[in-house]
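Reproduced below: target_14.txt, with compact mmCIF, C-alpha atoms.
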# COMPACT_ATOMS: atom_id res chain seq x y z
CA MET A 965 150.78 46.16 56.33
CA THR A 966 151.72 46.40 57.55
CA THR A 967 151.07 48.83 56.49
CA ARG A 968 151.21 46.11 55.78
CA GLN A 969 153.24 46.21 58.39
CA VAL A 970 151.67 49.34 59.57
CA LYS A 971 149.09 49.46 62.35
CA GLY A 972 150.33 46.57 64.35
CA GLN A 973 150.24 44.06 61.55
CA GLY A 974 152.26 40.93 61.50
CA ASP A 975 152.80 40.58 65.25
CA GLY A 976 149.51 38.85 66.09
CA SER A 977 148.41 41.71 68.30
CA ASP A 978 145.07 43.46 68.44
CA PRO A 979 146.27 46.99 67.54
CA GLY A 980 143.10 48.80 68.44
CA GLY A 981 142.69 47.84 72.07
CA THR A 982 139.11 47.44 73.33
CA ASP A 983 135.76 49.09 72.82
CA LEU A 984 132.40 48.93 74.55
CA GLY A 985 130.15 46.01 73.80
CA GLY A 986 126.47 46.81 73.86
CA THR A 987 123.12 45.32 74.88
CA ASP A 988 121.42 42.04 74.12
CA PRO A 989 118.04 41.85 72.31
CA GLY A 990 116.31 42.38 75.68
CA GLY A 991 118.24 45.54 76.43
CA LYS A 992 120.55 44.00 79.03
CA GLU A 993 124.19 45.11 79.00
CA VAL A 994 126.43 42.30 77.75
CA GLY A 995 130.00 41.81 76.74
CA GLY A 996 131.47 44.56 78.90
CA ARG A 997 134.31 45.56 76.67
CA LEU A 998 134.96 43.74 73.42
CA PRO A 999 138.36 43.69 71.71
CA VAL A 1000 138.49 45.33 68.31
CA THR A 1001 139.17 41.86 66.91
CA ALA A 1002 135.62 40.91 67.83
CA TRP A 1003 134.19 43.91 65.98
CA ALA A 1004 136.40 43.15 62.98
CA VAL A 1005 135.16 39.57 62.80
CA LEU A 1006 131.57 40.73 63.25
CA GLY A 1007 132.22 43.25 60.48
CA LEU A 1008 133.32 40.43 58.17
CA LEU A 1009 130.01 38.69 58.92
CA SER A 1010 128.05 41.85 58.10
CA PHE A 1011 128.58 41.41 54.36
CA PRO A 1012 126.06 39.32 52.41
CA GLY A 1013 126.11 35.55 52.82
CA GLU A 1014 127.18 32.93 55.34
CA ARG A 1015 130.85 32.06 55.76
CA THR A 1016 133.05 29.49 57.44
CA GLY A 1017 135.84 30.58 59.75
CA TYR A 1018 138.32 29.74 56.99
CA GLU A 1019 136.42 31.91 54.50
CA LEU A 1020 136.39 34.76 57.02
CA LYS A 1021 140.17 34.46 57.32
CA LYS A 1022 140.56 34.64 53.53
CA TRP A 1023 138.28 37.71 53.41
CA ALA A 1024 140.31 39.34 56.18
CA ASP A 1025 143.55 38.66 54.31
CA ALA A 1026 142.07 40.26 51.19
CA SER A 1027 140.68 43.34 52.92
CA LEU A 1028 141.50 44.10 56.57
CA ALA A 1029 145.16 43.17 56.14
CA PHE A 1030 145.79 46.12 53.83
CA PHE A 1031 144.71 48.87 56.20
CA TYR A 1032 144.44 47.36 59.69
CA TRP A 1033 145.70 43.79 60.21
CA SER A 1034 144.40 40.28 59.73
CA PRO A 1035 143.53 38.16 62.78
CA ALA A 1036 144.99 34.68 63.00
CA ILE A 1037 142.57 31.86 62.24
CA SER A 1038 142.63 30.88 65.94
CA GLN A 1039 141.63 34.45 66.87
CA ILE A 1040 138.77 34.37 64.38
CA TYR A 1041 137.33 31.16 65.83
CA ALA A 1042 137.75 32.46 69.38
CA GLU A 1043 135.83 35.62 68.49
CA LEU A 1044 133.14 33.66 66.67
CA ARG A 1045 132.53 31.68 69.88
CA ARG A 1046 132.38 34.92 71.87
CA LEU A 1047 130.01 36.55 69.37
CA GLU A 1048 127.71 33.52 69.40
CA ALA A 1049 127.63 33.58 73.20
CA LEU A 1050 126.60 37.24 73.07
CA GLY A 1051 123.89 36.55 70.50
CA TYR A 1052 125.68 38.68 67.90
CA ALA A 1053 126.35 35.74 65.56
CA SER A 1054 124.72 32.41 64.81
CA SER A 1055 125.99 29.27 63.14
CA ARG A 1056 124.69 26.12 61.53
CA VAL A 1057 126.28 22.93 60.32
CA ALA A 1058 125.97 22.32 56.58
CA ALA A 1059 126.33 18.80 55.21
CA GLN A 1060 128.63 18.31 52.21
CA GLY A 1061 127.90 14.75 51.18
CA ASP A 1062 131.07 12.68 51.38
CA LEU A 1063 133.06 15.70 52.53
CA ARG A 1064 133.41 16.82 56.10
CA ASN A 1065 130.52 18.95 57.33
CA LYS A 1066 131.24 22.64 57.61
CA ARG A 1067 129.98 25.25 60.07
CA LEU A 1068 128.61 28.44 58.55
CA TYR A 1069 128.40 31.69 60.50
CA ALA A 1070 126.10 34.68 60.03
CA ILE A 1071 125.45 37.94 61.83
CA THR A 1072 122.22 38.29 63.82
CA ASP A 1073 119.96 41.33 63.98
CA ALA A 1074 121.34 42.06 67.46
CA GLY A 1075 124.87 41.77 66.13
CA ARG A 1076 124.17 44.12 63.23
CA ALA A 1077 122.65 46.69 65.60
CA ALA A 1078 125.62 46.43 68.00
CA LEU A 1079 128.09 46.75 65.12
CA ALA A 1080 126.27 49.80 63.78
CA ARG A 1081 126.50 51.44 67.21
CA TRP A 1082 130.21 50.68 67.41
CA ALA A 1083 130.87 51.92 63.85
CA ASP A 1084 129.08 55.18 64.66
CA THR A 1085 131.44 55.94 67.55
CA ALA A 1086 132.23 59.65 67.28
CA ASP A 1087 135.98 59.30 67.80
CA ALA A 1088 137.70 56.28 66.29
CA GLY A 1089 140.94 57.26 68.02
CA ARG A 1090 144.30 58.09 66.55
CA ALA A 1091 145.97 55.83 64.03
CA VAL A 1092 148.76 53.74 65.53
CA LEU A 1093 151.87 53.10 63.46
CA LYS A 1094 154.19 50.26 64.42
CA HIS A 1095 156.96 50.18 61.82
CA PRO A 1096 159.69 47.63 62.67
CA LEU A 1097 161.96 48.87 59.87
CA VAL A 1098 161.89 52.50 61.04
CA LEU A 1099 162.71 51.27 64.55
CA ARG A 1100 165.82 49.61 63.13
CA VAL A 1101 166.79 52.77 61.24
CA TRP A 1102 166.38 54.69 64.51
CA LEU A 1103 169.02 52.32 65.90
CA GLY A 1104 171.19 52.77 62.84
CA HIS A 1105 174.20 53.86 64.89
CA LEU A 1106 174.44 50.22 66.01
CA ALA A 1107 173.64 48.67 62.62
CA ASP A 1108 175.79 47.50 59.76
CA PRO A 1109 175.06 49.73 56.73
CA ASP A 1110 174.93 46.79 54.34
CA GLY A 1111 172.44 44.98 56.57
CA LEU A 1112 170.25 48.05 56.92
CA ARG A 1113 170.42 48.68 53.19
CA SER A 1114 169.36 45.09 52.56
CA GLN A 1115 166.40 45.43 54.94
CA LEU A 1116 165.20 48.57 53.19
CA ARG A 1117 165.43 46.95 49.77
CA ALA A 1118 163.53 43.91 51.05
CA HIS A 1119 160.86 46.28 52.43
CA LEU A 1120 160.54 47.95 49.02
CA GLU A 1121 160.08 44.57 47.33
CA ARG A 1122 157.53 43.50 49.95
CA THR A 1123 155.55 46.71 49.55
CA GLN A 1124 155.50 46.28 45.76
CA ALA A 1125 154.19 42.74 46.24
CA GLN A 1126 151.49 44.05 48.57
CA LEU A 1127 150.44 46.56 45.92
CA ARG A 1128 149.93 43.68 43.52
CA GLU A 1129 147.82 41.91 46.15
CA ILE A 1130 145.74 45.05 46.64
CA ALA A 1131 145.17 45.32 42.89
CA HIS A 1132 143.93 41.72 42.86
CA ALA A 1133 141.63 42.40 45.83
CA GLN A 1134 140.27 45.52 44.12
CA GLU A 1135 139.49 43.52 41.00
CA ALA A 1136 137.73 40.79 42.98
CA SER A 1137 135.74 43.33 45.01
CA HIS A 1138 134.71 45.22 41.88
CA LYS A 1139 133.55 42.03 40.18
CA ALA A 1140 131.42 41.17 43.21
CA GLY A 1141 129.62 44.46 42.67
CA GLN A 1142 128.15 44.68 46.18
CA TRP A 1143 130.97 46.05 48.34
CA PRO A 1144 131.44 49.76 47.45
CA TYR A 1145 132.74 50.75 50.90
CA PRO A 1146 135.47 48.08 50.98
CA GLU A 1147 136.47 49.34 47.53
CA VAL A 1148 136.95 52.84 48.98
CA ALA A 1149 139.10 51.33 51.76
CA LEU A 1150 141.14 49.41 49.20
CA ARG A 1151 141.75 52.55 47.15
CA TRP A 1152 143.04 54.22 50.32
CA SER A 1153 145.26 51.19 50.89
CA GLU A 1154 146.69 51.48 47.39
CA ARG A 1155 147.53 55.15 47.91
CA GLN A 1156 149.01 54.42 51.33
CA HIS A 1157 151.27 51.67 50.00
CA ARG A 1158 152.40 53.88 47.10
CA ALA A 1159 153.28 56.55 49.65
CA GLU A 1160 155.13 53.90 51.68
CA LEU A 1161 157.22 53.10 48.61
CA GLU A 1162 158.13 56.76 48.16
CA LEU A 1163 158.95 57.20 51.85
CA ALA A 1164 161.17 54.10 51.91
CA GLU A 1165 163.01 55.20 48.77
CA GLU A 1166 163.62 58.64 50.30
CA MET A 1167 164.80 57.04 53.55
CA LEU A 1168 167.28 54.88 51.64
CA ALA A 1169 168.56 57.99 49.84
CA ASP A 1170 168.92 59.78 53.20
CA LEU A 1171 170.93 56.87 54.58
CA GLU A 1172 173.15 56.68 51.51
CA ARG A 1173 174.01 60.37 51.94
CA LEU A 1174 174.65 59.83 55.64
CA TRP A 1175 176.94 56.88 55.01
CA ALA A 1176 178.79 58.72 52.24
CA ALA A 1177 179.37 61.70 54.53
CA GLY A 1178 180.67 59.37 57.23
CA GLU A 1179 183.08 57.70 54.84
CA GLU A 1180 184.30 61.10 53.63
CA ALA A 1181 184.87 62.25 57.21
CA SER A 1182 186.77 59.07 58.00
CA GLY A 1183 188.90 59.54 54.90
CA ASN A 1184 189.75 63.11 55.83
CA GLN A 1185 190.74 62.03 59.34
CA ALA A 1186 193.01 59.34 57.93
CA ALA A 1187 194.64 61.78 55.51
CA HIS A 1188 195.47 64.13 58.35
CA GLY A 1189 196.69 61.32 60.58
CA THR A 1190 194.02 61.87 63.22

Go ahead and express the file in the form of structure tokens.
Amino acid sequence: MTTRQVKGQGDGSDPGGTDLGGTDPGGKEVGGRLPVTAWAVLGLLSFPGERTGYELKKWADASLAFFYWSPAISQIYAELRRLEALGYASSRVAAQGDLRNKRLYAITDAGRAALARWADTADAGRAVLKHPLVLRVWLGHLADPDGLRSQLRAHLERTQAQLREIAHAQEASHKAGQWPYPEVALRWSERQHRAELELAEEMLADLERLWAAGEEASGNQAAHGT
């Protein structure tokens, strides 16, 4: 997350694969296939205002990270260069007096049209869940119960912390008053993380019963000298 680490988060990967690019302002096919990271960065630019790459990263951490994943800052700058080359984004250097100049990025009309086409894709594809903790539980026959128990408890604490982050992001988005669709996504993220808490608690209870049954079986074998 996850989710957050759900959906390929936390491993630096692009969990959604690739999707078709589009056409340039003259109607010529460009881009071939763009990674979903490119569309995500272009999506960040589609909201009002100009932003630096650093600001885009902060916005991704406060939105995309809760239901998809947040690109690394190096990925964001790489995609910004690609989007500029395609004519989907533009940039300008803004002077800051005695401070270092900053480069501001914005979406172009061609970029907005391409993003709209991509967002209107009929089939977004199935959701992909990559849950490192569940993978470790799957290998529980090789794991130390205390270590697995500790990992589950750490996951519960991490998920609770993410819920607090989501609440903060919801408050900031609501105050902005111009992002109703991200607010819907954040409400979904809150419900998903609450469900993740419940699922993890139930998994821990399942494991505790499994371990207790194993200890009881071992005790019975010892009592009968087998």

Using all atoms listed in the file, what does the table of range 1113-1174 of chain A residues within 12 Å of range 1020-1035 of chain A look like, with each row giving the shortest atom pair and its distance in Å to one decimal, sorted by chain and ascending number, as a tab-separated table?
residue	atom	partner	partner_atom	distance
A:Thr1123	CA	A:Phe1030	CA	10.7
A:Ala1125	CA	A:Phe1030	CA	11.8
A:Gln1126	CA	A:Phe1030	CA	8.0
A:Leu1127	CA	A:Phe1030	CA	9.2
A:Arg1128	CA	A:Phe1030	CA	11.4
A:Glu1129	CA	A:Ala1026	CA	7.8
A:Ile1130	CA	A:Phe1030	CA	7.3
A:Ala1131	CA	A:Ala1026	CA	10.2
A:His1132	CA	A:Ala1026	CA	8.7
A:Ala1133	CA	A:Ala1026	CA	5.8
A:Gln1134	CA	A:Ala1026	CA	9.0
A:Glu1135	CA	A:Ala1026	CA	11.0
A:Ala1136	CA	A:Ala1026	CA	9.3
A:Ser1137	CA	A:Ser1027	CA	9.3
A:Trp1143	CA	A:Ser1027	CA	11.1
A:Tyr1145	CA	A:Ser1027	CA	11.0
A:Pro1146	CA	A:Ser1027	CA	7.3
A:Glu1147	CA	A:Ser1027	CA	9.1
A:Val1148	CA	A:Ser1027	CA	10.9
A:Ala1149	CA	A:Phe1031	CA	7.6
A:Leu1150	CA	A:Ser1027	CA	7.1
A:Arg1151	CA	A:Phe1030	CA	10.1
A:Trp1152	CA	A:Phe1031	CA	8.1
A:Ser1153	CA	A:Phe1031	CA	5.8
A:Glu1154	CA	A:Phe1030	CA	8.4
A:Arg1155	CA	A:Phe1031	CA	10.8
A:Gln1156	CA	A:Phe1031	CA	8.5
A:His1157	CA	A:Phe1030	CA	8.7

Save out the residues we just selected, C-alpha atoms, as a PDB file, in the coordinates of the input.
ATOM      1  CA  THR A1123     155.550  46.710  49.550  1.00  0.00           C
ATOM      2  CA  ALA A1125     154.190  42.740  46.240  1.00  0.00           C
ATOM      3  CA  GLN A1126     151.490  44.050  48.570  1.00  0.00           C
ATOM      4  CA  LEU A1127     150.440  46.560  45.920  1.00  0.00           C
ATOM      5  CA  ARG A1128     149.930  43.680  43.520  1.00  0.00           C
ATOM      6  CA  GLU A1129     147.820  41.910  46.150  1.00  0.00           C
ATOM      7  CA  ILE A1130     145.740  45.050  46.640  1.00  0.00           C
ATOM      8  CA  ALA A1131     145.170  45.320  42.890  1.00  0.00           C
ATOM      9  CA  HIS A1132     143.930  41.720  42.860  1.00  0.00           C
ATOM     10  CA  ALA A1133     141.630  42.400  45.830  1.00  0.00           C
ATOM     11  CA  GLN A1134     140.270  45.520  44.120  1.00  0.00           C
ATOM     12  CA  GLU A1135     139.490  43.520  41.000  1.00  0.00           C
ATOM     13  CA  ALA A1136     137.730  40.790  42.980  1.00  0.00           C
ATOM     14  CA  SER A1137     135.740  43.330  45.010  1.00  0.00           C
ATOM     15  CA  TRP A1143     130.970  46.050  48.340  1.00  0.00           C
ATOM     16  CA  TYR A1145     132.740  50.750  50.900  1.00  0.00           C
ATOM     17  CA  PRO A1146     135.470  48.080  50.980  1.00  0.00           C
ATOM     18  CA  GLU A1147     136.470  49.340  47.530  1.00  0.00           C
ATOM     19  CA  VAL A1148     136.950  52.840  48.980  1.00  0.00           C
ATOM     20  CA  ALA A1149     139.100  51.330  51.760  1.00  0.00           C
ATOM     21  CA  LEU A1150     141.140  49.410  49.200  1.00  0.00           C
ATOM     22  CA  ARG A1151     141.750  52.550  47.150  1.00  0.00           C
ATOM     23  CA  TRP A1152     143.040  54.220  50.320  1.00  0.00           C
ATOM     24  CA  SER A1153     145.260  51.190  50.890  1.00  0.00           C
ATOM     25  CA  GLU A1154     146.690  51.480  47.390  1.00  0.00           C
ATOM     26  CA  ARG A1155     147.530  55.150  47.910  1.00  0.00           C
ATOM     27  CA  GLN A1156     149.010  54.420  51.330  1.00  0.00           C
ATOM     28  CA  HIS A1157     151.270  51.670  50.000  1.00  0.00           C
TER      29      HIS A1157
END

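Taking CA of Leu998 in chain A and CA of His1095 in chain A as the two end points, the separation is 25.7 Å.
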
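Minimum distance to Arg1076 in chain A across A:Ser1038, A:Gly1051, A:Ala1177, A:Gln1115 (counting only C-alpha atoms) occurs at A:Gly1051.
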
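The spacing separating CA of Tyr1052 in chain A from CA of Leu1006 in chain A amounts to 7.8 Å.
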
message = For a cutoff of 9 Å around the file-coordinate point (133.7, 37.1, 71.0), which residues qualify once you count all atoms listed in the file? I'd like the result as a ChimeraX atom specification.
response = /A:995,998-999,1001-1003,1005-1006,1040-1050,1052

task = Tell me, in Å to one decimal, how far CA of Arg1100 in chain A is from CA of Ala1036 in chain A.
result = 25.6 Å

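Residue nearest Leu1079 in chain A, chosen from A:Ala1140, A:Leu1008, A:Leu1163, A:Ala1091 and counting all atoms listed in the file: A:Leu1008.
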
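Using all atoms listed in the file, the residues found no farther than 12 Å from Val1101 in chain A, other than those of its own chain fewer than 2 positions away, are A:His1095, A:Pro1096, A:Leu1097, A:Val1098, A:Leu1099, A:Leu1103, A:Gly1104, A:His1105, A:Leu1106, A:Ala1107, A:Asp1108, A:Pro1109, A:Gly1111, A:Leu1112, A:Arg1113, A:Ser1114, A:Gln1115, A:Leu1116, A:Ala1164, A:Met1167, A:Leu1168, A:Asp1170, A:Leu1171, A:Leu1174.
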
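Among the candidate residues A:Val1057, A:Glu1014, A:Val1000, A:Leu1120, the one lying nearest to Ala1159 in chain A is A:Leu1120, with distances computed using only C-alpha atoms.
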
Calculate, to one decimal in Å, the centre and edge lengths of the box along x, y and z of the file that holds all listed atoms of range 1004-1021 of chain A with 8 Å of margin on each side, and present them as lines of an AutoDock Vina configuration file.
center_x = 133.1
center_y = 36.4
center_z = 57.8
size_x = 30.1
size_y = 29.8
size_z = 26.8
